[in-house]
Amino acid sequence: MKVIAEREVLVQQAEVNIHNMNTIENLYKLFLQSTGVSTDSRSIKPGSIFFGLKGETFDGNQFALKALEEGAAYAVTEDRSLAGNSQIIITDDTLKTLQQLAAHHRRELGIPVFGLTGSNGKTTTKELITAVLSTKYRVVSTTGNLNNHIGVPLTILKIDKSAQMAVIEMGASGPGEIEMLCSICQPDTGLITNVGKAHLLGFGSFEGVKKTKGELYDYLANNGGTVLYNGMNSHLCEMVALRQVSNKIEYGLKAQGANILPVTAENPFLRIELSSGRVINTNLIGDYNADNVLAALAAGEHAGTDAELSAQAIEAYVPSNNRSQFVKANFNTLIVDAYNANPTSMKAALDNFLKIESSQKGLIIGDMLELGEYSADEHKGVLELIKKMNPGLMFFVGAEFRGAAQGDDYFSQRALFFENSAQLRDYLAENRPESVLFLIKGSRGTRLEKVLEVL
């Protein structure tokens, strides 16, 4: 009985300790003394705080003790059976606690935060803005694809006192997500690159996309922030007007007096002539990237960067990760834009490809995913655009395009369809085309990058 009584006392003491530590303020004190946060017990940094997050196929709470064994100073978990360990912090919701800690850290930092979202071009625009702002400030920005409900708080918590500014990319696949991310990163300035037919399965409709992306405008308008918006995008102009945004800055070809210069097969990169006469020679493929470049210049001007240094920063930027890349491969020339795809970005890529002159053109096109009930019609719409282009070679990957082309003699006679990229790669290895300018475009899930090695 004495042992049981002592154990009950220890548990009660532990619960008091846990209760005290479970306030965000107290947790923040531990965070400031730590080496950062981690959500992966396999890559623990000694002295860090581990958060056991739940997912559809995993439960990080099961690895709290392992994280401590690997060197974590503390582990935040929902597993109350671990109460009594002085390194364990119990919470009802580890994700919510992570987000609250990040929001608290952002407030304590007190630095300007630039937030952006959009259906297309988010990452490229984020990289360009970061490059421009870095000419004057110490900037921390989103890395990789850390732009969701987990990635944004992790990004915020990586910012230290040496940073002077942050650029945070926010992605969403359903209503309310941008509002939630804004409550975490609390942007002072922001922009929506565009609104298009992306993630329609989650948003329900194009109007749903506009409403969710517009949550960034809502936050900025309600908190005295500044909105940068593309004055040549009618949807964005309507969204800004609807919210009666007070602090707003228009950018775009017309607003900035800029012109897009013609491209050639030898030099297909985007070139923009500014109102000053300065020509910016980018390493980007596609006229659609002009808006991203001009957004970065507008962000720089708003932040007080030097115009010439901003232009030089944009010229020095080289895209990566299969986004608007121009690749002279061993046997062919490739325009690789295969990180993601939706009807809006697919049309823009095809329109731009049409403008580039080449004796031989080919398409390697992957399915556009997450379109829900709109999928069949949107894939048929893309096929109609391609039919008007009449390229010499056409390869399609995925069941959606195969289904959309069924019964169409044009594609049955001129195109080849493959279930996945591995099958197409094997075919091209045996039947490799040469001296062809290819556009490679598809959703990330189709993994079109697999075909690059054989071209």
# chains A, B, ... in the order shown; residues from 1 in each chain; ligands from 1
>>> select_by_dssp(residues="range 270-404 of chain A", states="strand (DSSP E or B)", output="VMD selection string")
chain A and resid 270 to 273 279 to 285 325 to 328 333 to 337 361 to 366 393 to 397
>>> write_last_selection(atoms="N, CA and C atoms", output="compact mmCIF listing (two decimals), in the first residue's frame")
# COMPACT_ATOMS: atom_id res chain seq x y z
N LEU A 270 12.81 34.04 -70.42
CA LEU A 270 12.02 35.25 -70.25
C LEU A 270 12.92 36.48 -70.15
N ARG A 271 12.60 37.49 -70.94
CA ARG A 271 13.32 38.77 -70.90
C ARG A 271 12.29 39.88 -70.73
N ILE A 272 12.52 40.74 -69.75
CA ILE A 272 11.57 41.81 -69.44
C ILE A 272 12.27 43.17 -69.52
N GLU A 273 11.67 44.06 -70.30
CA GLU A 273 12.18 45.42 -70.37
C GLU A 273 11.39 46.29 -69.41
N VAL A 279 16.83 45.96 -69.20
CA VAL A 279 16.32 44.65 -69.60
C VAL A 279 16.80 43.61 -68.59
N ILE A 280 15.86 42.89 -68.03
CA ILE A 280 16.20 41.81 -67.10
C ILE A 280 16.21 40.50 -67.87
N ASN A 281 17.35 39.87 -67.93
CA ASN A 281 17.50 38.57 -68.61
C ASN A 281 17.43 37.47 -67.56
N THR A 282 16.31 36.78 -67.51
CA THR A 282 16.11 35.77 -66.47
C THR A 282 16.57 34.39 -66.93
N ASN A 283 16.57 33.46 -66.01
CA ASN A 283 16.81 32.05 -66.31
C ASN A 283 15.52 31.25 -66.23
N LEU A 284 14.40 31.95 -66.43
CA LEU A 284 13.08 31.34 -66.33
C LEU A 284 12.47 31.12 -67.71
N ILE A 285 11.74 30.03 -67.84
CA ILE A 285 11.04 29.74 -69.08
C ILE A 285 9.56 30.09 -68.90
N GLN A 325 12.40 24.86 -65.81
CA GLN A 325 13.81 24.64 -66.12
C GLN A 325 14.02 24.39 -67.61
N PHE A 326 15.10 24.93 -68.12
CA PHE A 326 15.51 24.70 -69.51
C PHE A 326 16.75 23.82 -69.48
N VAL A 327 16.63 22.64 -70.04
CA VAL A 327 17.71 21.65 -69.94
C VAL A 327 18.13 21.19 -71.33
N LYS A 328 19.41 21.37 -71.64
CA LYS A 328 19.95 20.80 -72.87
C LYS A 328 20.50 19.43 -72.53
N THR A 333 16.34 18.80 -76.23
CA THR A 333 16.24 19.99 -75.40
C THR A 333 14.92 19.94 -74.65
N LEU A 334 14.97 20.21 -73.35
CA LEU A 334 13.80 19.99 -72.51
C LEU A 334 13.38 21.26 -71.77
N ILE A 335 12.09 21.51 -71.76
CA ILE A 335 11.50 22.50 -70.87
C ILE A 335 10.79 21.69 -69.79
N VAL A 336 11.37 21.68 -68.61
CA VAL A 336 10.87 20.82 -67.54
C VAL A 336 10.07 21.65 -66.54
N ASP A 337 8.78 21.40 -66.50
CA ASP A 337 7.89 22.10 -65.57
C ASP A 337 6.97 21.05 -64.95
N LYS A 361 8.99 19.55 -82.31
CA LYS A 361 8.45 19.76 -80.98
C LYS A 361 7.75 18.49 -80.49
N GLY A 362 7.84 18.29 -79.19
CA GLY A 362 7.17 17.14 -78.60
C GLY A 362 6.62 17.46 -77.22
N LEU A 363 5.59 16.74 -76.82
CA LEU A 363 4.98 16.93 -75.50
C LEU A 363 5.07 15.65 -74.69
N ILE A 364 5.43 15.78 -73.44
CA ILE A 364 5.34 14.69 -72.47
C ILE A 364 4.48 15.24 -71.35
N ILE A 365 3.23 14.81 -71.32
CA ILE A 365 2.21 15.42 -70.46
C ILE A 365 1.65 14.38 -69.48
N GLY A 366 1.65 14.75 -68.20
CA GLY A 366 1.10 13.88 -67.17
C GLY A 366 -0.24 14.37 -66.67
N LEU A 393 5.35 15.04 -81.73
CA LEU A 393 5.35 13.89 -80.84
C LEU A 393 4.51 14.18 -79.61
N MET A 394 3.74 13.18 -79.17
CA MET A 394 2.90 13.34 -77.99
C MET A 394 2.92 12.08 -77.15
N PHE A 395 3.31 12.24 -75.89
CA PHE A 395 3.30 11.13 -74.94
C PHE A 395 2.52 11.56 -73.71
N PHE A 396 1.57 10.73 -73.29
CA PHE A 396 0.74 11.05 -72.13
C PHE A 396 0.91 9.99 -71.05
N VAL A 397 0.91 10.45 -69.80
CA VAL A 397 1.07 9.54 -68.67
C VAL A 397 -0.13 9.69 -67.74
>>> select_by_dssp(residues="range 253-356 of chain A", states="helix (DSSP H, G or I)", output="ChimeraX atom specification")
/A:289-303,307-316,343-355
>>> write_last_selection(atoms="N, CA and C atoms", output="mmCIF file, in the first residue's frame")
data_model
loop_
_atom_site.group_PDB
_atom_site.id
_atom_site.type_symbol
_atom_site.label_atom_id
_atom_site.label_comp_id
_atom_site.auth_asym_id
_atom_site.auth_seq_id
_atom_site.Cartn_x
_atom_site.Cartn_y
_atom_site.Cartn_z
ATOM 1 N N ASN A 289 5.896 33.655 -66.077
ATOM 2 C CA ASN A 289 6.796 34.009 -64.980
ATOM 3 C C ASN A 289 7.039 35.516 -64.880
ATOM 4 N N ALA A 290 6.587 36.271 -65.865
ATOM 5 C CA ALA A 290 6.752 37.729 -65.814
ATOM 6 C C ALA A 290 6.051 38.302 -64.583
ATOM 7 N N ASP A 291 4.861 37.798 -64.288
ATOM 8 C CA ASP A 291 4.137 38.279 -63.108
ATOM 9 C C ASP A 291 4.922 37.992 -61.832
ATOM 10 N N ASN A 292 5.582 36.838 -61.782
ATOM 11 C CA ASN A 292 6.368 36.485 -60.597
ATOM 12 C C ASN A 292 7.558 37.425 -60.429
ATOM 13 N N VAL A 293 8.206 37.744 -61.538
ATOM 14 C CA VAL A 293 9.350 38.664 -61.504
ATOM 15 C C VAL A 293 8.911 40.058 -61.064
ATOM 16 N N LEU A 294 7.823 40.543 -61.646
ATOM 17 C CA LEU A 294 7.345 41.885 -61.322
ATOM 18 C C LEU A 294 6.846 41.972 -59.878
ATOM 19 N N ALA A 295 6.287 40.862 -59.384
ATOM 20 C CA ALA A 295 5.872 40.824 -57.975
ATOM 21 C C ALA A 295 7.079 40.989 -57.068
ATOM 22 N N ALA A 296 8.177 40.323 -57.418
ATOM 23 C CA ALA A 296 9.403 40.421 -56.615
ATOM 24 C C ALA A 296 9.959 41.840 -56.641
ATOM 25 N N LEU A 297 9.931 42.468 -57.807
ATOM 26 C CA LEU A 297 10.411 43.853 -57.906
ATOM 27 C C LEU A 297 9.539 44.796 -57.080
ATOM 28 N N ALA A 298 8.226 44.565 -57.099
ATOM 29 C CA ALA A 298 7.315 45.397 -56.318
ATOM 30 C C ALA A 298 7.551 45.192 -54.822
ATOM 31 N N ALA A 299 7.792 43.959 -54.429
ATOM 32 C CA ALA A 299 8.074 43.666 -53.021
ATOM 33 C C ALA A 299 9.363 44.355 -52.590
ATOM 34 N N GLY A 300 10.363 44.329 -53.470
ATOM 35 C CA GLY A 300 11.622 44.985 -53.166
ATOM 36 C C GLY A 300 11.467 46.485 -53.035
ATOM 37 N N GLU A 301 10.725 47.081 -53.964
ATOM 38 C CA GLU A 301 10.514 48.529 -53.908
ATOM 39 C C GLU A 301 9.790 48.918 -52.620
ATOM 40 N N HIS A 302 8.785 48.114 -52.244
ATOM 41 C CA HIS A 302 8.039 48.382 -51.014
ATOM 42 C C HIS A 302 8.946 48.300 -49.785
ATOM 43 N N ALA A 303 9.936 47.395 -49.841
ATOM 44 C CA ALA A 303 10.846 47.202 -48.708
ATOM 45 C C ALA A 303 12.080 48.099 -48.784
ATOM 46 N N ALA A 307 17.009 49.286 -56.798
ATOM 47 C CA ALA A 307 16.406 48.753 -58.021
ATOM 48 C C ALA A 307 17.394 47.939 -58.845
ATOM 49 N N GLU A 308 18.609 48.421 -58.998
ATOM 50 C CA GLU A 308 19.598 47.699 -59.799
ATOM 51 C C GLU A 308 20.011 46.396 -59.118
ATOM 52 N N LEU A 309 20.194 46.437 -57.822
ATOM 53 C CA LEU A 309 20.559 45.209 -57.098
ATOM 54 C C LEU A 309 19.422 44.181 -57.158
ATOM 55 N N SER A 310 18.190 44.670 -57.140
ATOM 56 C CA SER A 310 17.030 43.784 -57.264
ATOM 57 C C SER A 310 17.019 43.094 -58.622
ATOM 58 N N ALA A 311 17.282 43.868 -59.669
ATOM 59 C CA ALA A 311 17.332 43.313 -61.027
ATOM 60 C C ALA A 311 18.438 42.272 -61.150
ATOM 61 N N GLN A 312 19.588 42.568 -60.573
ATOM 62 C CA GLN A 312 20.707 41.624 -60.622
ATOM 63 C C GLN A 312 20.381 40.337 -59.866
ATOM 64 N N ALA A 313 19.665 40.459 -58.758
ATOM 65 C CA ALA A 313 19.291 39.282 -57.973
ATOM 66 C C ALA A 313 18.355 38.375 -58.769
ATOM 67 N N ILE A 314 17.450 38.980 -59.516
ATOM 68 C CA ILE A 314 16.532 38.188 -60.346
ATOM 69 C C ILE A 314 17.290 37.511 -61.484
ATOM 70 N N GLU A 315 18.218 38.214 -62.077
ATOM 71 C CA GLU A 315 19.013 37.621 -63.162
ATOM 72 C C GLU A 315 19.875 36.460 -62.664
ATOM 73 N N ALA A 316 20.271 36.506 -61.405
ATOM 74 C CA ALA A 316 21.132 35.455 -60.853
ATOM 75 C C ALA A 316 20.340 34.228 -60.422
ATOM 76 N N PRO A 343 -5.233 22.866 -64.531
ATOM 77 C CA PRO A 343 -5.663 23.410 -65.826
ATOM 78 C C PRO A 343 -5.102 24.791 -66.147
ATOM 79 N N THR A 344 -4.982 25.660 -65.157
ATOM 80 C CA THR A 344 -4.482 27.011 -65.407
ATOM 81 C C THR A 344 -3.013 27.000 -65.782
ATOM 82 N N SER A 345 -2.205 26.300 -64.996
ATOM 83 C CA SER A 345 -0.765 26.264 -65.286
ATOM 84 C C SER A 345 -0.468 25.461 -66.543
ATOM 85 N N MET A 346 -1.268 24.432 -66.825
ATOM 86 C CA MET A 346 -1.065 23.634 -68.036
ATOM 87 C C MET A 346 -1.312 24.484 -69.279
ATOM 88 N N LYS A 347 -2.378 25.269 -69.267
ATOM 89 C CA LYS A 347 -2.681 26.137 -70.406
ATOM 90 C C LYS A 347 -1.574 27.169 -70.608
ATOM 91 N N ALA A 348 -1.084 27.741 -69.498
ATOM 92 C CA ALA A 348 -0.025 28.743 -69.598
ATOM 93 C C ALA A 348 1.241 28.133 -70.179
ATOM 94 N N ALA A 349 1.572 26.924 -69.752
ATOM 95 C CA ALA A 349 2.775 26.261 -70.256
ATOM 96 C C ALA A 349 2.640 25.926 -71.734
ATOM 97 N N LEU A 350 1.471 25.469 -72.147
ATOM 98 C CA LEU A 350 1.248 25.129 -73.552
ATOM 99 C C LEU A 350 1.263 26.382 -74.430
ATOM 100 N N ASP A 351 0.635 27.448 -73.955
ATOM 101 C CA ASP A 351 0.621 28.709 -74.718
ATOM 102 C C ASP A 351 2.040 29.220 -74.936
ATOM 103 N N ASN A 352 2.848 29.142 -73.893
ATOM 104 C CA ASN A 352 4.225 29.610 -74.006
ATOM 105 C C ASN A 352 5.034 28.721 -74.946
ATOM 106 N N PHE A 353 4.811 27.417 -74.858
ATOM 107 C CA PHE A 353 5.531 26.460 -75.699
ATOM 108 C C PHE A 353 5.239 26.722 -77.178
ATOM 109 N N LEU A 354 4.023 27.138 -77.442
ATOM 110 C CA LEU A 354 3.616 27.418 -78.817
ATOM 111 C C LEU A 354 4.415 28.579 -79.408
ATOM 112 N N LYS A 355 4.842 29.520 -78.556
ATOM 113 C CA LYS A 355 5.559 30.713 -79.021
ATOM 114 C C LYS A 355 7.022 30.429 -79.365
#
>>> residues_around(residues="range 180-190 of chain A", least_positions_apart="5", cutoff="10 Å", atoms="only C-alpha atoms", output="VMD selection string")
chain A and resid 99 to 107 111 to 117 147 to 153 155 to 156 166 to 172 175 215 to 221 223 to 229 247 to 248 299 302 to 303
>>> write_last_selection(atoms="N, CA and C atoms", output="compact mmCIF listing (two decimals), in the first residue's frame")
# COMPACT_ATOMS: atom_id res chain seq x y z
N GLN A 99 1.72 24.74 -33.38
CA GLN A 99 1.28 25.94 -34.07
C GLN A 99 1.22 27.14 -33.12
N GLN A 100 0.76 26.92 -31.89
CA GLN A 100 0.69 28.00 -30.92
C GLN A 100 2.09 28.48 -30.53
N LEU A 101 3.02 27.54 -30.42
CA LEU A 101 4.40 27.91 -30.10
C LEU A 101 5.00 28.76 -31.22
N ALA A 102 4.72 28.37 -32.46
CA ALA A 102 5.23 29.13 -33.61
C ALA A 102 4.62 30.53 -33.65
N ALA A 103 3.32 30.64 -33.40
CA ALA A 103 2.67 31.95 -33.40
C ALA A 103 3.25 32.84 -32.30
N HIS A 104 3.53 32.25 -31.15
CA HIS A 104 4.13 33.01 -30.04
C HIS A 104 5.54 33.48 -30.43
N HIS A 105 6.30 32.59 -31.06
CA HIS A 105 7.66 32.94 -31.49
C HIS A 105 7.63 34.06 -32.52
N ARG A 106 6.68 33.99 -33.44
CA ARG A 106 6.58 35.04 -34.47
C ARG A 106 6.32 36.41 -33.81
N ARG A 107 5.44 36.41 -32.80
CA ARG A 107 5.16 37.68 -32.11
C ARG A 107 6.41 38.19 -31.38
N ILE A 111 9.68 40.86 -36.38
CA ILE A 111 10.22 41.28 -37.67
C ILE A 111 9.12 41.30 -38.73
N PRO A 112 9.31 42.06 -39.82
CA PRO A 112 8.32 42.03 -40.90
C PRO A 112 8.25 40.64 -41.53
N VAL A 113 7.02 40.21 -41.81
CA VAL A 113 6.79 38.92 -42.47
C VAL A 113 6.01 39.16 -43.75
N PHE A 114 6.54 38.62 -44.86
CA PHE A 114 5.87 38.70 -46.16
C PHE A 114 5.23 37.33 -46.41
N GLY A 115 3.91 37.31 -46.55
CA GLY A 115 3.21 36.05 -46.80
C GLY A 115 2.66 35.99 -48.20
N LEU A 116 2.72 34.81 -48.81
CA LEU A 116 2.15 34.68 -50.15
C LEU A 116 1.51 33.32 -50.35
N THR A 117 0.51 33.31 -51.19
CA THR A 117 -0.17 32.09 -51.57
C THR A 117 -0.60 32.23 -53.02
N ASN A 147 4.98 24.36 -46.65
CA ASN A 147 4.05 25.48 -46.75
C ASN A 147 2.66 25.16 -46.22
N ASN A 148 2.55 24.07 -45.42
CA ASN A 148 1.23 23.69 -44.93
C ASN A 148 1.11 23.87 -43.42
N HIS A 149 0.11 23.22 -42.81
CA HIS A 149 -0.19 23.41 -41.39
C HIS A 149 0.93 22.92 -40.48
N ILE A 150 1.82 22.08 -40.99
CA ILE A 150 2.99 21.65 -40.24
C ILE A 150 4.22 22.43 -40.69
N GLY A 151 4.39 22.59 -41.98
CA GLY A 151 5.57 23.25 -42.54
C GLY A 151 5.71 24.71 -42.15
N VAL A 152 4.59 25.44 -42.12
CA VAL A 152 4.67 26.87 -41.77
C VAL A 152 5.16 27.07 -40.32
N PRO A 153 4.57 26.37 -39.33
CA PRO A 153 5.11 26.54 -37.98
C PRO A 153 6.56 26.10 -37.85
N THR A 155 8.81 26.32 -40.17
CA THR A 155 9.59 27.40 -40.78
C THR A 155 9.74 28.57 -39.81
N ILE A 156 8.64 28.96 -39.18
CA ILE A 156 8.68 30.07 -38.23
C ILE A 156 9.63 29.78 -37.09
N ALA A 166 11.17 37.83 -42.95
CA ALA A 166 10.82 36.46 -43.32
C ALA A 166 9.86 36.47 -44.50
N VAL A 167 10.01 35.48 -45.37
CA VAL A 167 9.10 35.29 -46.51
C VAL A 167 8.48 33.90 -46.36
N ILE A 168 7.17 33.86 -46.14
CA ILE A 168 6.50 32.60 -45.83
C ILE A 168 5.50 32.24 -46.94
N GLU A 169 5.72 31.08 -47.53
CA GLU A 169 4.81 30.55 -48.54
C GLU A 169 3.71 29.75 -47.85
N MET A 170 2.48 29.95 -48.28
CA MET A 170 1.34 29.25 -47.69
C MET A 170 0.56 28.50 -48.77
N GLY A 171 0.42 27.21 -48.60
CA GLY A 171 -0.36 26.40 -49.52
C GLY A 171 -1.65 25.96 -48.85
N ALA A 172 -2.63 25.60 -49.66
CA ALA A 172 -3.91 25.16 -49.11
C ALA A 172 -4.58 24.20 -50.08
N PRO A 175 -10.89 24.94 -47.70
CA PRO A 175 -11.31 26.18 -47.06
C PRO A 175 -10.76 26.33 -45.65
N GLU A 215 -8.45 34.61 -48.12
CA GLU A 215 -8.28 34.71 -46.66
C GLU A 215 -7.00 35.47 -46.31
N LEU A 216 -6.02 35.46 -47.21
CA LEU A 216 -4.81 36.26 -46.98
C LEU A 216 -5.16 37.75 -47.05
N TYR A 217 -5.93 38.14 -48.06
CA TYR A 217 -6.38 39.53 -48.15
C TYR A 217 -7.19 39.91 -46.91
N ASP A 218 -8.06 39.00 -46.46
CA ASP A 218 -8.87 39.27 -45.28
C ASP A 218 -7.99 39.59 -44.08
N TYR A 219 -6.96 38.76 -43.87
CA TYR A 219 -6.09 38.95 -42.71
C TYR A 219 -5.38 40.30 -42.80
N LEU A 220 -4.82 40.60 -43.96
CA LEU A 220 -4.07 41.84 -44.12
C LEU A 220 -4.98 43.06 -43.97
N ALA A 221 -6.17 42.98 -44.54
CA ALA A 221 -7.11 44.10 -44.44
C ALA A 221 -7.55 44.34 -43.00
N ASN A 223 -5.89 43.61 -40.32
CA ASN A 223 -4.78 43.86 -39.39
C ASN A 223 -3.85 44.98 -39.86
N GLY A 224 -4.35 45.82 -40.77
CA GLY A 224 -3.58 46.97 -41.21
C GLY A 224 -2.38 46.64 -42.07
N GLY A 225 -2.41 45.47 -42.70
CA GLY A 225 -1.29 45.07 -43.55
C GLY A 225 -1.40 45.64 -44.95
N THR A 226 -0.40 45.34 -45.76
CA THR A 226 -0.34 45.84 -47.14
C THR A 226 -0.50 44.70 -48.13
N VAL A 227 -1.37 44.88 -49.10
CA VAL A 227 -1.62 43.89 -50.15
C VAL A 227 -0.93 44.32 -51.43
N LEU A 228 -0.11 43.46 -52.00
CA LEU A 228 0.41 43.64 -53.34
C LEU A 228 -0.47 42.81 -54.26
N TYR A 229 -0.93 43.38 -55.36
CA TYR A 229 -1.81 42.62 -56.24
C TYR A 229 -1.52 42.93 -57.70
N ASN A 247 -4.58 49.51 -47.63
CA ASN A 247 -3.17 49.58 -48.01
C ASN A 247 -2.90 48.59 -49.14
N LYS A 248 -2.78 49.09 -50.35
CA LYS A 248 -2.60 48.19 -51.49
C LYS A 248 -1.62 48.79 -52.49
N ALA A 299 7.79 43.96 -54.43
CA ALA A 299 8.07 43.67 -53.02
C ALA A 299 9.36 44.36 -52.59
N HIS A 302 8.79 48.11 -52.24
CA HIS A 302 8.04 48.38 -51.01
C HIS A 302 8.95 48.30 -49.78
N ALA A 303 9.94 47.40 -49.84
CA ALA A 303 10.85 47.20 -48.71
C ALA A 303 12.08 48.10 -48.78
>>> residues_around(residues="range 88-93 of chain A", least_positions_apart="2", cutoff="8 Å", atoms="only C-alpha atoms", output="list in words")
Ile18, Met21, Asn22, Ala64, Tyr74, Ala75, Val76, Thr77, Glu78, Asp79, Arg80, Leu82, Ala83, Gly84, Asn85, Ser86, Leu95, Lys96 and Thr97 of chain A
>>> closest_residue(among="A:Thr125, A:Leu146, A:Ala72, A:Ile386", to="Tyr288 in chain A", atoms="only C-alpha atoms")
A:Thr125
>>> closest_residue(among="A:Val140, A:Ala329, A:Leu424, A:Ala341", to="Glu453 in chain A", atoms="only C-alpha atoms")
A:Ala329
>>> residues_around(residues="Ala163 in chain A", least_positions_apart="3", cutoff="7 Å", atoms="only C-alpha atoms", output="short mmCIF file (atom, residue, chain, number, x, y, z; two decimals) with N, CA and C atoms, in the first residue's frame")
data_model
loop_
_atom_site.label_atom_id
_atom_site.label_comp_id
_atom_site.auth_asym_id
_atom_site.auth_seq_id
_atom_site.Cartn_x
_atom_site.Cartn_y
_atom_site.Cartn_z
N ARG A 138 18.72 40.43 -43.93
CA ARG A 138 18.94 39.01 -43.63
C ARG A 138 17.56 38.35 -43.62
N VAL A 139 17.31 37.51 -44.61
CA VAL A 139 15.97 36.98 -44.86
C VAL A 139 15.94 35.47 -44.62
N VAL A 140 14.90 35.02 -43.94
CA VAL A 140 14.61 33.59 -43.79
C VAL A 140 13.33 33.31 -44.57
N ILE A 159 13.42 30.50 -37.41
CA ILE A 159 13.89 31.88 -37.49
C ILE A 159 14.51 32.29 -36.16
N ASP A 160 15.72 32.80 -36.22
CA ASP A 160 16.36 33.25 -34.99
C ASP A 160 16.45 34.78 -34.95
#
>>> atom_distance(atom1="CA of Thr39 in chain A", atom2="CA of Phe51 in chain A")
5.1 Å
>>> atom_distance(atom1="CA of Glu449 in chain A", atom2="CA of Gly204 in chain A")
29.5 Å
>>> atom_distance(atom1="CA of Glu69 in chain A", atom2="CA of Gln87 in chain A")
10.9 Å
>>> residues_around(residues="Gly196 in chain A", least_positions_apart="3", cutoff="9 Å", atoms="only C-alpha atoms", output="list in words")
Gly118, Ser119, Asn120, Phe206, Val209, Lys210, Asn342, Pro343, Thr344 and Ser345 of chain A
>>> closest_residue(among="A:Thr305, A:Asn233, A:Ser421, A:Ser443", to="Glu370 in chain A", atoms="only C-alpha atoms")
A:Ser443
>>> residues_around(residues="Ile44 in chain A", least_positions_apart="6", cutoff="8 Å", atoms="only C-alpha atoms", output="PyMOL selection string")
chain A and resi 38+50+67+70-72
>>> closest_residue(among="A:Gly257, A:Glu56, A:Tyr251, A:Thr264", to="Gly277 in chain A", atoms="only C-alpha atoms")
A:Gly257
>>> closest_residue(among="A:Asn194, A:Ser41, A:Ser358, A:Ser173", to="Ala265 in chain A", atoms="only C-alpha atoms")
A:Ser358
